[in-house]
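Everything below belongs to query-v4.pdb, which stores PDB, C-alpha atoms.
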MODEL        1
ATOM      1  CA  MET A  30     167.505 156.615  90.383
ATOM      2  CA  ALA A  31     165.253 156.457  87.332
ATOM      3  CA  HIS A  32     164.894 153.306  85.315
ATOM      4  CA  ASN A  33     164.953 153.099  81.537
ATOM      5  CA  ILE A  34     163.074 149.830  81.047
ATOM      6  CA  GLY A  35     160.833 149.808  78.003
ATOM      7  CA  GLN A  36     159.544 146.278  78.543
ATOM      8  CA  MET A  37     161.056 143.127  80.027
ATOM      9  CA  PHE A  38     160.306 139.751  81.573
ATOM     10  CA  TYR A  39     162.140 137.996  84.384
ATOM     11  CA  TYR A  40     162.262 134.701  86.198
ATOM     12  CA  GLY A  41     163.422 134.567  89.798
ATOM     13  CA  ASP A  42     164.166 137.557  92.013
ATOM     14  CA  THR A  43     162.136 140.720  91.411
ATOM     15  CA  PRO A  44     164.256 143.533  89.870
ATOM     16  CA  TRP A  45     164.947 146.605  92.005
ATOM     17  CA  HIS A  46     162.523 148.705  89.926
ATOM     18  CA  LYS A  47     159.764 146.072  90.370
ATOM     19  CA  LEU A  48     158.884 146.302  86.676
ATOM     20  CA  GLY A  49     158.537 143.586  84.064
ATOM     21  CA  ASN A  50     156.482 140.487  83.383
ATOM     22  CA  LYS A  51     157.260 137.908  86.091
ATOM     23  CA  ARG A  52     157.464 134.375  84.735
ATOM     24  CA  PRO A  53     156.785 131.231  86.808
ATOM     25  CA  ALA A  54     159.548 129.414  84.910
ATOM     26  CA  PRO A  55     162.363 130.204  82.445
ATOM     27  CA  ALA A  56     161.120 131.170  78.984
ATOM     28  CA  THR A  57     161.587 129.622  75.567
ATOM     29  CA  ILE A  58     162.861 131.913  72.834
ATOM     30  CA  GLU A  59     159.323 132.507  71.530
ATOM     31  CA  GLU A  60     158.099 133.319  75.038
ATOM     32  CA  ALA A  61     161.105 135.599  75.530
ATOM     33  CA  LEU A  62     160.278 137.542  72.378
ATOM     34  CA  THR A  63     156.636 137.900  73.429
ATOM     35  CA  HIS A  64     157.005 138.718  77.123
ATOM     36  CA  GLY A  65     160.117 140.819  76.566
ATOM     37  CA  GLY A  66     158.257 143.026  74.074
ATOM     38  CA  LEU A  67     160.605 142.151  71.219
ATOM     39  CA  ASN A  68     158.167 141.104  68.496
ATOM     40  CA  TRP A  69     158.828 144.045  66.195
ATOM     41  CA  GLU A  70     161.247 145.051  63.438
ATOM     42  CA  VAL A  71     163.093 148.202  62.467
ATOM     43  CA  ASP A  72     163.429 150.033  59.147
ATOM     44  CA  LEU A  73     165.999 152.497  57.817
ATOM     45  CA  ILE A  74     164.515 155.817  56.635
ATOM     46  CA  PRO A  75     166.365 158.559  54.683
ATOM     47  CA  LEU A  76     166.766 161.891  56.459
ATOM     48  CA  GLN A  77     166.248 165.434  55.248
ATOM     49  CA  THR A  78     166.418 168.877  56.821
ATOM     50  CA  ALA A  79     163.250 170.412  58.280
ATOM     51  CA  GLU A  80     163.279 173.513  56.039
ATOM     52  CA  SER A  81     160.931 175.089  53.536
ATOM     53  CA  LEU A  82     163.219 173.638  50.877
ATOM     54  CA  PRO A  83     164.242 170.296  52.431
ATOM     55  CA  GLN A  84     167.704 168.976  51.667
ATOM     56  CA  ALA A  85     168.621 165.282  51.846
ATOM     57  CA  VAL A  86     171.077 164.256  54.590
ATOM     58  CA  SER A  87     172.966 161.554  52.756
ATOM     59  CA  GLN A  88     175.479 160.908  55.547
ATOM     60  CA  ARG A  89     172.895 159.533  57.989
ATOM     61  CA  MET A  90     169.787 157.327  58.179
ATOM     62  CA  ALA A  91     167.062 157.135  60.821
ATOM     63  CA  VAL A  92     166.290 153.795  62.476
ATOM     64  CA  VAL A  93     162.555 153.526  63.157
ATOM     65  CA  ARG A  94     160.279 150.907  64.651
ATOM     66  CA  ALA A  95     158.153 149.452  61.871
ATOM     67  CA  ASP A  96     155.257 148.746  64.266
ATOM     68  CA  ARG A  97     154.758 152.430  65.107
ATOM     69  CA  LEU A  98     153.007 154.929  62.861
ATOM     70  CA  MET A  99     154.641 158.045  61.438
ATOM     71  CA  GLY A 100     154.414 160.905  63.910
ATOM     72  CA  ASN A 101     154.662 158.658  66.944
ATOM     73  CA  PRO A 102     157.279 160.313  69.212
ATOM     74  CA  GLN A 103     158.574 156.850  70.206
ATOM     75  CA  ARG A 104     159.073 155.665  66.622
ATOM     76  CA  VAL A 105     162.625 156.876  65.922
ATOM     77  CA  LEU A 106     165.278 154.874  67.803
ATOM     78  CA  GLY A 107     168.421 156.540  66.503
ATOM     79  CA  VAL A 108     170.439 157.996  63.654
ATOM     80  CA  VAL A 109     173.142 155.850  62.028
ATOM     81  CA  HIS A 110     175.535 155.871  59.080
ATOM     82  CA  PRO A 111     174.279 154.573  55.696
ATOM     83  CA  GLY A 112     176.349 151.375  56.010
ATOM     84  CA  PHE A 113     174.495 150.326  59.177
ATOM     85  CA  ARG A 114     172.598 147.048  58.687
ATOM     86  CA  PRO A 115     170.139 146.326  61.504
ATOM     87  CA  LEU A 116     169.926 142.880  63.038
ATOM     88  CA  GLN A 117     166.216 142.307  63.623
ATOM     89  CA  ASN A 118     165.110 141.155  67.065
ATOM     90  CA  ARG A 119     163.833 137.768  65.922
ATOM     91  CA  GLU A 120     166.854 137.162  63.709
ATOM     92  CA  GLY A 121     169.240 137.969  66.561
ATOM     93  CA  ALA A 122     167.212 135.948  69.076
ATOM     94  CA  LEU A 123     167.169 132.855  66.857
ATOM     95  CA  LEU A 124     170.905 133.230  66.244
ATOM     96  CA  PHE A 125     171.439 133.319  70.005
ATOM     97  CA  ASP A 126     169.044 130.436  70.631
ATOM     98  CA  SER A 127     170.925 128.270  68.132
ATOM     99  CA  LEU A 128     173.883 128.280  70.536
ATOM    100  CA  LEU A 129     172.350 126.352  73.413
ATOM    101  CA  GLY A 130     168.588 126.825  73.611
ATOM    102  CA  ARG A 131     167.133 125.365  70.423
ATOM    103  CA  GLY A 132     163.617 126.016  71.672
ATOM    104  CA  GLU A 133     164.240 124.989  75.286
ATOM    105  CA  ALA A 134     163.176 127.106  78.266
ATOM    106  CA  ILE A 135     166.507 128.625  79.352
ATOM    107  CA  TYR A 136     165.867 132.406  79.312
ATOM    108  CA  HIS A 137     165.749 134.123  82.697
ATOM    109  CA  THR A 138     165.312 137.706  81.529
ATOM    110  CA  GLY A 139     165.076 139.752  78.355
ATOM    111  CA  GLY A 140     163.579 142.927  76.963
ATOM    112  CA  HIS A 141     164.499 146.358  75.716
ATOM    113  CA  LEU A 142     165.562 149.697  77.128
ATOM    114  CA  GLY A 143     163.849 152.971  76.298
ATOM    115  CA  ASN A 144     161.821 152.763  73.109
ATOM    116  CA  GLY A 145     163.835 149.788  71.891
ATOM    117  CA  GLU A 146     167.274 151.316  71.411
ATOM    118  CA  VAL A 147     168.972 148.397  73.210
ATOM    119  CA  VAL A 148     167.677 144.813  73.471
ATOM    120  CA  TRP A 149     168.973 141.890  75.546
ATOM    121  CA  LEU A 150     168.458 138.231  76.415
ATOM    122  CA  LEU A 151     169.994 136.299  79.298
ATOM    123  CA  ALA A 152     170.230 132.483  79.004
ATOM    124  CA  LYS A 153     171.226 130.050  81.757
ATOM    125  CA  LEU A 154     174.142 127.754  80.937
ATOM    126  CA  PRO A 155     173.943 124.082  81.989
ATOM    127  CA  ALA A 156     176.756 124.293  84.572
ATOM    128  CA  GLU A 157     177.751 125.784  87.913
ATOM    129  CA  VAL A 158     180.999 127.238  89.181
ATOM    130  CA  CYS A 159     181.861 126.162  92.738
ATOM    131  CA  ILE A 160     184.384 128.248  94.643
ATOM    132  CA  ASN A 161     183.578 126.296  97.798
ATOM    133  CA  LYS A 162     180.531 124.496  99.206
ATOM    134  CA  GLN A 163     178.891 127.761 100.280
ATOM    135  CA  ASP A 164     179.896 129.950  97.335
ATOM    136  CA  ILE A 165     178.281 129.017  94.027
ATOM    137  CA  LEU A 166     178.171 130.992  90.789
ATOM    138  CA  GLU A 167     175.633 130.420  88.038
ATOM    139  CA  PRO A 168     176.927 131.079  84.502
ATOM    140  CA  TYR A 169     174.748 132.781  81.912
ATOM    141  CA  LEU A 170     175.240 133.826  78.311
ATOM    142  CA  LEU A 171     174.231 137.431  77.695
ATOM    143  CA  TYR A 172     173.180 138.694  74.256
ATOM    144  CA  THR A 173     172.841 142.424  73.623
ATOM    145  CA  ASN A 174     172.202 144.425  70.488
ATOM    146  CA  SER A 175     171.352 148.031  69.716
ATOM    147  CA  HIS A 176     169.194 149.642  67.063
ATOM    148  CA  ASP A 177     170.801 153.056  67.481
ATOM    149  CA  GLY A 178     174.404 151.954  66.925
ATOM    150  CA  SER A 179     175.404 152.512  70.560
ATOM    151  CA  ILE A 180     176.283 148.841  71.221
ATOM    152  CA  ALA A 181     177.718 146.275  68.847
ATOM    153  CA  ILE A 182     176.216 142.801  68.525
ATOM    154  CA  ASP A 183     177.601 141.355  71.740
ATOM    155  CA  ILE A 184     177.592 137.855  73.292
ATOM    156  CA  ARG A 185     179.446 137.331  76.566
ATOM    157  CA  LEU A 186     179.702 135.089  79.603
ATOM    158  CA  THR A 187     178.104 136.484  82.762
ATOM    159  CA  MET A 188     178.503 134.999  86.236
ATOM    160  CA  VAL A 189     175.922 135.539  88.973
ATOM    161  CA  ARG A 190     177.013 134.915  92.564
ATOM    162  CA  VAL A 191     174.029 133.117  94.080
ATOM    163  CA  VAL A 192     174.551 134.306  97.661
ATOM    164  CA  CYS A 193     174.187 138.008  96.816
ATOM    165  CA  GLN A 194     173.199 138.240  93.143
ATOM    166  CA  ASN A 195     176.392 140.071  92.162
ATOM    167  CA  THR A 196     177.195 139.885  88.457
ATOM    168  CA  LEU A 197     180.443 139.800  86.532
ATOM    169  CA  SER A 198     180.725 139.695  82.753
ATOM    170  CA  LEU A 199     183.805 138.020  81.308
ATOM    171  CA  ALA A 200     185.507 138.679  78.006
ATOM    172  CA  LEU A 201     185.341 135.620  75.744
ATOM    173  CA  GLN A 202     188.844 135.881  74.381
ATOM    174  CA  ASN A 203     190.087 134.026  71.332
ATOM    175  CA  THR A 204     193.787 133.836  70.496
ATOM    176  CA  GLY A 205     194.947 137.229  69.315
ATOM    177  CA  GLU A 206     191.712 138.976  70.377
ATOM    178  CA  LYS A 207     191.205 141.050  73.479
ATOM    179  CA  ASN A 208     187.509 141.756  73.420
ATOM    180  CA  VAL A 209     184.219 140.036  73.959
ATOM    181  CA  PHE A 210     182.403 138.453  71.028
ATOM    182  CA  LYS A 211     181.374 141.609  69.202
ATOM    183  CA  ARG A 212     180.470 142.230  65.599
ATOM    184  CA  ALA A 213     179.566 145.485  63.874
ATOM    185  CA  HIS A 214     176.242 145.951  62.118
ATOM    186  CA  HIS A 215     177.570 145.160  58.649
ATOM    187  CA  GLY A 216     174.925 142.659  57.558
ATOM    188  CA  SER A 217     177.021 139.454  57.240
ATOM    189  CA  TYR A 218     174.927 137.633  59.799
ATOM    190  CA  ASP A 219     175.346 134.183  58.250
ATOM    191  CA  LEU A 220     179.032 134.452  59.118
ATOM    192  CA  ILE A 221     178.167 135.558  62.645
ATOM    193  CA  ASN A 222     175.967 132.480  63.018
ATOM    194  CA  ALA A 223     178.828 130.177  62.041
ATOM    195  CA  GLU A 224     181.250 131.956  64.369
ATOM    196  CA  ALA A 225     178.726 131.977  67.208
ATOM    197  CA  LYS A 226     178.315 128.207  67.085
ATOM    198  CA  GLU A 227     182.053 127.844  67.589
ATOM    199  CA  LEU A 228     181.708 130.217  70.520
ATOM    200  CA  LEU A 229     179.575 127.843  72.585
ATOM    201  CA  ASN A 230     182.297 125.226  73.081
ATOM    202  CA  PHE A 231     184.755 127.996  73.825
ATOM    203  CA  THR A 232     182.323 129.427  76.406
ATOM    204  CA  LEU A 233     182.063 126.122  78.262
ATOM    205  CA  LYS A 234     185.863 125.911  78.296
ATOM    206  CA  LYS A 235     186.059 129.504  79.529
ATOM    207  CA  THR A 236     183.642 128.643  82.351
ATOM    208  CA  LYS A 237     185.977 125.922  83.617
ATOM    209  CA  GLU A 238     189.019 128.206  83.363
ATOM    210  CA  THR A 239     187.126 130.899  85.258
ATOM    211  CA  GLU A 240     186.347 128.462  88.059
ATOM    212  CA  GLU A 241     190.048 127.692  88.446
ATOM    213  CA  LEU A 242     190.914 131.412  88.421
ATOM    214  CA  PHE A 243     188.370 132.266  91.105
ATOM    215  CA  LYS A 244     189.554 129.392  93.290
ATOM    216  CA  HIS A 245     193.085 130.800  93.000
ATOM    217  CA  LEU A 246     191.820 134.269  93.979
ATOM    218  CA  ALA A 247     190.161 132.722  97.048
ATOM    219  CA  LYS A 248     193.566 131.440  98.184
ATOM    220  CA  ALA A 249     195.512 134.659  97.522
ATOM    221  CA  GLU A 250     195.761 136.927 100.566
ATOM    222  CA  CYS A 251     194.380 140.467 100.336
ATOM    223  CA  THR A 252     195.066 142.660 103.369
ATOM    224  CA  GLU A 253     193.321 145.989 103.936
ATOM    225  CA  PRO A 254     196.429 148.021 102.947
ATOM    226  CA  ARG A 255     196.813 145.981  99.740
ATOM    227  CA  PHE A 256     193.151 146.496  98.868
ATOM    228  CA  THR A 257     193.463 150.226  99.540
ATOM    229  CA  THR A 258     196.475 150.395  97.209
ATOM    230  CA  PHE A 259     194.548 148.431  94.597
ATOM    231  CA  LEU A 260     191.683 150.973  94.754
ATOM    232  CA  GLN A 261     194.173 153.799  94.210
ATOM    233  CA  GLN A 262     195.352 152.034  91.059
ATOM    234  CA  LEU A 263     191.857 151.143  89.846
ATOM    235  CA  LEU A 264     190.423 154.611  90.498
ATOM    236  CA  PRO A 265     193.362 157.040  90.542
ATOM    237  CA  ASP A 266     192.939 160.749  91.142
ATOM    238  CA  PRO A 267     192.563 162.577  87.819
ATOM    239  CA  LYS A 268     195.446 164.652  86.552
ATOM    240  CA  GLN A 269     195.012 168.369  86.973
ATOM    241  CA  PRO A 270     194.486 170.149  83.612
ATOM    242  CA  LEU A 271     197.101 172.737  82.708
ATOM    243  CA  THR A 272     194.401 175.422  82.477
ATOM    244  CA  ALA A 273     193.021 174.720  85.980
ATOM    245  CA  ARG A 274     195.214 177.424  87.568
ATOM    246  CA  SER A 275     194.002 180.155  85.241
ATOM    247  CA  ASN A 276     190.439 179.016  84.536
ATOM    248  CA  PRO A 277     188.129 178.859  87.600
ATOM    249  CA  SER A 278     185.496 176.696  85.856
ATOM    250  CA  VAL A 279     188.110 174.135  84.787
ATOM    251  CA  LYS A 280     189.548 174.123  88.312
ATOM    252  CA  LYS A 281     186.084 173.616  89.807
ATOM    253  CA  ALA A 282     185.342 170.715  87.445
ATOM    254  CA  TYR A 283     188.696 169.119  88.300
ATOM    255  CA  GLU A 284     188.076 169.445  92.044
ATOM    256  CA  THR A 285     184.575 167.999  91.700
ATOM    257  CA  ARG A 286     185.847 165.041  89.675
ATOM    258  CA  THR A 287     188.653 164.416  92.174
ATOM    259  CA  GLU A 288     186.252 164.443  95.101
ATOM    260  CA  THR A 289     183.888 162.086  93.269
ATOM    261  CA  ILE A 290     186.685 159.566  92.660
ATOM    262  CA  ARG A 291     187.815 159.744  96.274
ATOM    263  CA  GLN A 292     184.275 159.215  97.530
ATOM    264  CA  MET A 293     183.967 156.186  95.233
ATOM    265  CA  ARG A 294     187.116 154.648  96.728
ATOM    266  CA  LYS A 295     185.877 155.402 100.243
ATOM    267  CA  SER A 296     182.479 153.833  99.541
ATOM    268  CA  ILE A 297     184.013 150.680  98.019
ATOM    269  CA  LEU A 298     186.363 150.317 100.997
ATOM    270  CA  ASP A 299     183.376 150.598 103.330
ATOM    271  CA  VAL A 300     181.632 147.759 101.465
ATOM    272  CA  HIS A 301     184.846 145.737 101.626
ATOM    273  CA  LEU A 302     185.261 146.182 105.390
ATOM    274  CA  ASN A 303     181.641 146.269 106.549
ATOM    275  CA  GLY A 304     179.505 144.690 103.814
ATOM    276  CA  ILE A 305     176.057 145.971 102.787
ATOM    277  CA  LEU A 306     173.517 145.624 105.569
ATOM    278  CA  ALA A 307     170.472 146.337 103.399
ATOM    279  CA  ASN A 308     171.362 143.459 101.069
ATOM    280  CA  GLN A 309     172.657 141.166 103.823
ATOM    281  CA  ILE A 310     176.088 141.094 102.189
ATOM    282  CA  PRO A 311     178.827 140.489 104.775
ATOM    283  CA  ALA A 312     182.279 142.053 104.860
ATOM    284  CA  ALA A 313     184.738 140.569 102.389
ATOM    285  CA  GLU A 314     187.070 137.735 103.268
ATOM    286  CA  SER A 315     190.778 138.620 103.380
ATOM    287  CA  ASN A 316     191.561 137.269  99.920
ATOM    288  CA  TRP A 317     191.361 138.602  96.375
ATOM    289  CA  TRP A 318     188.123 136.730  95.697
ATOM    290  CA  GLY A 319     186.659 138.817  98.508
ATOM    291  CA  GLY A 320     188.266 141.922  96.994
ATOM    292  CA  LEU A 321     186.678 141.243  93.613
ATOM    293  CA  ASN A 322     183.279 140.703  95.207
ATOM    294  CA  SER A 323     183.584 144.013  97.044
ATOM    295  CA  ILE A 324     183.778 145.727  93.647
ATOM    296  CA  THR A 325     180.889 143.769  92.126
ATOM    297  CA  ALA A 326     178.709 144.274  95.227
ATOM    298  CA  TRP A 327     179.356 148.023  95.229
ATOM    299  CA  VAL A 328     178.580 148.388  91.518
ATOM    300  CA  ASP A 329     175.457 146.222  91.622
ATOM    301  CA  HIS A 330     173.958 147.461  94.890
ATOM    302  CA  VAL A 331     175.481 150.804  95.917
ATOM    303  CA  GLN A 332     176.841 152.872  93.034
ATOM    304  CA  GLU A 333     174.521 155.626  91.897
ATOM    305  CA  THR A 334     173.834 155.745  88.166
ATOM    306  CA  PRO A 335     171.490 157.868  86.036
ATOM    307  CA  SER A 336     170.912 154.911  83.698
ATOM    308  CA  ASP A 337     169.022 151.674  84.258
ATOM    309  CA  ARG A 338     170.793 149.462  86.815
ATOM    310  CA  TYR A 339     170.282 146.360  84.659
ATOM    311  CA  ALA A 340     172.186 148.008  81.814
ATOM    312  CA  HIS A 341     174.700 149.599  84.178
ATOM    313  CA  LYS A 342     175.823 146.346  85.769
ATOM    314  CA  LEU A 343     175.507 144.044  82.744
ATOM    315  CA  PHE A 344     176.924 146.093  79.871
ATOM    316  CA  GLY A 345     177.295 149.710  81.001
ATOM    317  CA  TYR A 346     179.919 151.669  82.956
ATOM    318  CA  GLY A 347     179.500 149.425  85.973
ATOM    319  CA  ASP A 348     180.391 146.373  83.910
ATOM    320  CA  LYS A 349     183.479 148.139  82.531
ATOM    321  CA  LEU A 350     184.636 148.963  86.064
ATOM    322  CA  LYS A 351     184.177 145.352  87.211
ATOM    323  CA  THR A 352     186.037 144.067  84.152
ATOM    324  CA  ALA A 353     188.939 146.429  84.844
ATOM    325  CA  ALA A 354     188.971 145.330  88.482
ATOM    326  CA  LEU A 355     189.099 141.646  87.534
ATOM    327  CA  SER A 356     191.985 142.253  85.138
ATOM    328  CA  LYS A 357     194.021 144.155  87.735
ATOM    329  CA  ILE A 358     193.230 141.679  90.541
ATOM    330  CA  GLN A 359     194.213 138.803  88.292
ATOM    331  CA  GLU A 360     197.589 140.412  87.661
ATOM    332  CA  ILE A 361     198.134 140.940  91.397
ATOM    333  CA  ALA A 362     196.968 137.483  92.491
ATOM    334  CA  LEU A 363     198.992 135.596  89.907
ATOM    335  CA  ARG A 364     202.133 137.221  91.292
ATOM    336  CA  THR A 365     201.441 135.830  94.766
TER
ENDMDL
END
Do you think you could lay out the structure here as structure tokens?
Amino acid sequence: MAHNIGQMFYYGDTPWHKLGNKRPAPATIEEALTHGGLNWEVDLIPLQTAESLPQAVSQRMAVVRADRLMGNPQRVLGVVHPGFRPLQNREGALLFDSLLGRGEAIYHTGGHLGNGEVVWLLAKLPAEVCINKQDILEPYLLYTNSHDGSIAIDIRLTMVRVVCQNTLSLALQNTGEKNVFKRAHHGSYDLINAEAKELLNFTLKKTKETEELFKHLAKAECTEPRFTTFLQQLLPDPKQPLTARSNPSVKKAYETRTETIRQMRKSILDVHLNGILANQIPAAESNWWGGLNSITAWVDHVQETPSDRYAHKLFGYGDKLKTAALSKIQEIALRT
């Protein structure tokens, strides 16, 4: 699998791709900006057609890195609507640092993907979640932002299971909201700062609630048949398109998709029953905490993805699958 790391730093375990600037200790926000390759800004540039008589494209703007000269093939990061207001790397980093860092060395990783389309910072929270004496989770706050409009400004709670480095991002839900802390690129970043400060106390409360939830999952029985049924619900076979009977290409695509889903379920069940030898991850315990960790272990260590695994498991498709699994497992476990 190819990586898509532009530049990054890390403290602790070496990433699978063995890239990045290894740090002997967690970084301060200034060190994170430097070693993560984030000390640059972006500009918005008008677009026009590449014709002998160029015509302005008023519906879109190009986002470019200000530190790269015109003509550099890595200068343009994306094309956005005219109302897009970029949040500069330093501005976003200082906003994030105002939550809990305030200049302290709390950043364990950070950097950007590709040419700088997506940037992230991961900060350690001053707490631990104990499921039992042998099973500890470390909570982090994850900040992501995009300069191509692909990801909203996003701050969320991320748990890392120490024993196997599995990750699980959790929605930071306020009353009446059912999403993580996300804000569009509209430019009202003073308001975001005020809202983000309120988020910190809520995050610490969410951490405690999460600990209680996971302890409940560890007490709720999950037999092999129940886990198999759960996988059928989480990853159901796709519905056959109406045109599949008359269109061979549609039928072939449907059959391929169906087989892919079934192989995913089979692979997850194998992790659940047998663990992952290469990563020294044992088979899951017969409870829903074990069931959840089977999903996170498969996503983080087994699932094939054409994108960078960091992005995949922290804020990509892998994260979405783990979030859906947690939601469904929570519903099941709370009924038992």
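Using all atoms listed in the file, the shortest contact distance between Leu343 of chain A and any of A:Gly107, A:Ser323, A:Val189, A:Gly49 is found at A:Val189.
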Open item on the list: Using Å and a single decimal, report how far atom CA of Leu197 of chain A sits from atom CA of Asp126 of chain A.
Closed with: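 Between these atoms lies a distance of 21.7 Å.
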Open item on the list: Could you check the closest approach to Gly35 of chain A for each of A:Gln163, A:Gln103, A:Ser87, A:Gln262 and tell me which residue wins, using all atoms listed in the file?
Closed with: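 Looking only at the distances to Gly35 of chain A, the closest residue turns out to be A:Gln103.
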Open item on the list: What does the structure give for the distance between atom CA of Met90 of chain A and atom CA of Pro75 of chain A, in Å to one decimal?
Closed with: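 That distance, rounded to one decimal, is 5.0 Å.
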Centre and size of axis-aligned box enclosing segment 160-176 of chain A plus 5 Å each side, as lines of an AutoDock Vina configuration file:
center_x = 176.8
center_y = 137.1
center_z = 83.7
size_x = 25.2
size_y = 35.1
size_z = 43.2
TODO: Given the file shown, determine the residues that the PyMOL selection byres ((chain A and resi 122) around 9) selects; report them as a list of chain:residue names.
DONE: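 That selection, the PyMOL selection byres ((chain A and resi 122) around 9), comes back as A:Ile58, A:Glu59, A:Ala61, A:Leu62, A:Gln117, A:Asn118, A:Arg119, A:Glu120, A:Gly121, A:Leu123, A:Leu124, A:Phe125, A:Asp126, A:Ser127, A:Trp149, A:Leu150, A:Tyr172.
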- [ ] Find, counting all atoms listed in the file, the residue in A:His176, A:Asn68, A:Ser81, A:Leu302 that gets nearest to Val108 of chain A.
- [x] A:His176
- [ ] Give the answer as one residue: which of A:Met293, A:Ile324, A:Leu67, A:Leu242 has the shortest atom-to-atom distance to Gly140 of chain A, using all atoms listed in the file?
- [x]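 With all atoms listed in the file as the atom set, the closest residue is A:Leu67.
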Task: Residues selected by the PyMOL selection byres ((chain A and resi 259) around 12), written as JSON, numbers by chain - done: {"A": [251, 252, 253, 254, 255, 256, 257, 258, 260, 261, 262, 263, 264, 265, 294, 297, 298, 317, 320, 321, 324, 353, 354, 355, 356, 357, 358, 359, 360, 361, 362]}
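Computed from the coordinates, the atom CA of Ile165 of chain A to atom CA of Leu229 of chain A distance equals 21.5 Å.
Residues in contact range of Val109 of chain A, defined as at most 7 Å between only C-alpha atoms, with sequence neighbours fewer than 3 positions away removed, read Arg89, Met90, Ala91, Phe113, Asp177 and Gly178 of chain A.
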Go through the shown structure with the PyMOL selection byres ((chain A and resi 152) around 10) and write out the matching residues as an mmCIF file with C-alpha atoms, in the frame of the given file.
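Wrote it out as expr-v5.cif, contents follow:
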data_model
loop_
_atom_site.group_PDB
_atom_site.id
_atom_site.type_symbol
_atom_site.label_atom_id
_atom_site.label_comp_id
_atom_site.auth_asym_id
_atom_site.auth_seq_id
_atom_site.Cartn_x
_atom_site.Cartn_y
_atom_site.Cartn_z
ATOM 1 C CA PRO A 55 162.363 130.204 82.445
ATOM 2 C CA ALA A 56 161.120 131.170 78.984
ATOM 3 C CA THR A 57 161.587 129.622 75.567
ATOM 4 C CA ILE A 58 162.861 131.913 72.834
ATOM 5 C CA PHE A 125 171.439 133.319 70.005
ATOM 6 C CA ASP A 126 169.044 130.436 70.631
ATOM 7 C CA LEU A 129 172.350 126.352 73.413
ATOM 8 C CA GLY A 130 168.588 126.825 73.611
ATOM 9 C CA ALA A 134 163.176 127.106 78.266
ATOM 10 C CA ILE A 135 166.507 128.625 79.352
ATOM 11 C CA TYR A 136 165.867 132.406 79.312
ATOM 12 C CA HIS A 137 165.749 134.123 82.697
ATOM 13 C CA THR A 138 165.312 137.706 81.529
ATOM 14 C CA GLY A 139 165.076 139.752 78.355
ATOM 15 C CA LEU A 150 168.458 138.231 76.415
ATOM 16 C CA LEU A 151 169.994 136.299 79.298
ATOM 17 C CA LYS A 153 171.226 130.050 81.757
ATOM 18 C CA LEU A 154 174.142 127.754 80.937
ATOM 19 C CA PRO A 155 173.943 124.082 81.989
ATOM 20 C CA PRO A 168 176.927 131.079 84.502
ATOM 21 C CA TYR A 169 174.748 132.781 81.912
ATOM 22 C CA LEU A 170 175.240 133.826 78.311
ATOM 23 C CA LEU A 171 174.231 137.431 77.695
ATOM 24 C CA TYR A 172 173.180 138.694 74.256
ATOM 25 C CA LEU A 186 179.702 135.089 79.603
ATOM 26 C CA THR A 187 178.104 136.484 82.762
#
Open item on the list: When you count all atoms listed in the file, which of these residues is closest to Val147 of chain A: A:Glu250, A:Met188, A:Thr325, A:Asn33?
Closed with: A:Asn33
Task: Protein and nucleic acid residues near (169.0, 162.6, 52.7) (cut-off 7 Å, only C-alpha atoms) as a PyMOL selection string - done: chain A and resi 75-77+84-87
Selection file, C-alpha atoms, as a compact mmCIF listing (two decimals), in the frame of the given file:
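The file below, selection22.txt, is the result:
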# COMPACT_ATOMS: atom_id res chain seq x y z
CA PRO A 75 166.36 158.56 54.68
CA LEU A 76 166.77 161.89 56.46
CA GLN A 77 166.25 165.43 55.25
CA GLN A 84 167.70 168.98 51.67
CA ALA A 85 168.62 165.28 51.85
CA VAL A 86 171.08 164.26 54.59
CA SER A 87 172.97 161.55 52.76
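When the distance limit is 12 Å and all atoms listed in the file are what count, the residues near Gly304 of chain A, minus those fewer than 2 positions from it on the same chain, are Cys193, Ser296, Ile297, Leu298, Asp299, Val300, His301, Leu302, Leu306, Ala307, Asn308, Gln309, Ile310, Pro311, Ala312, Ala313, Glu314, Gly319, Gly320, Asn322, Ser323, Ile324, Thr325, Ala326, Trp327, His330 and Val331 of chain A.
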- [ ] Find the residues near Val158 of chain A: any atom within 10 Å, counting only C-alpha atoms, skip ones fewer than 5 places away on the same chain, and give them as number ranges by chain.
- [x] A: 164-168, 188-190, 236-241, 243-244
Open item on the list: Measuring between only C-alpha atoms, which one of A:Leu350, A:Pro111, A:Ile182, A:Leu106 shows the shortest distance to Gln88 of chain A?
Closed with: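 Looking only at the distances to Gln88 of chain A, the closest residue turns out to be A:Pro111.
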Task: Nearby residues (only C-alpha atoms) at most 7 Å from segment 277-292 of chain A, same-chain spacing under 4 positions excluded, as a ChimeraX atom specification - done: /A:264,266-267,269,272-273,296
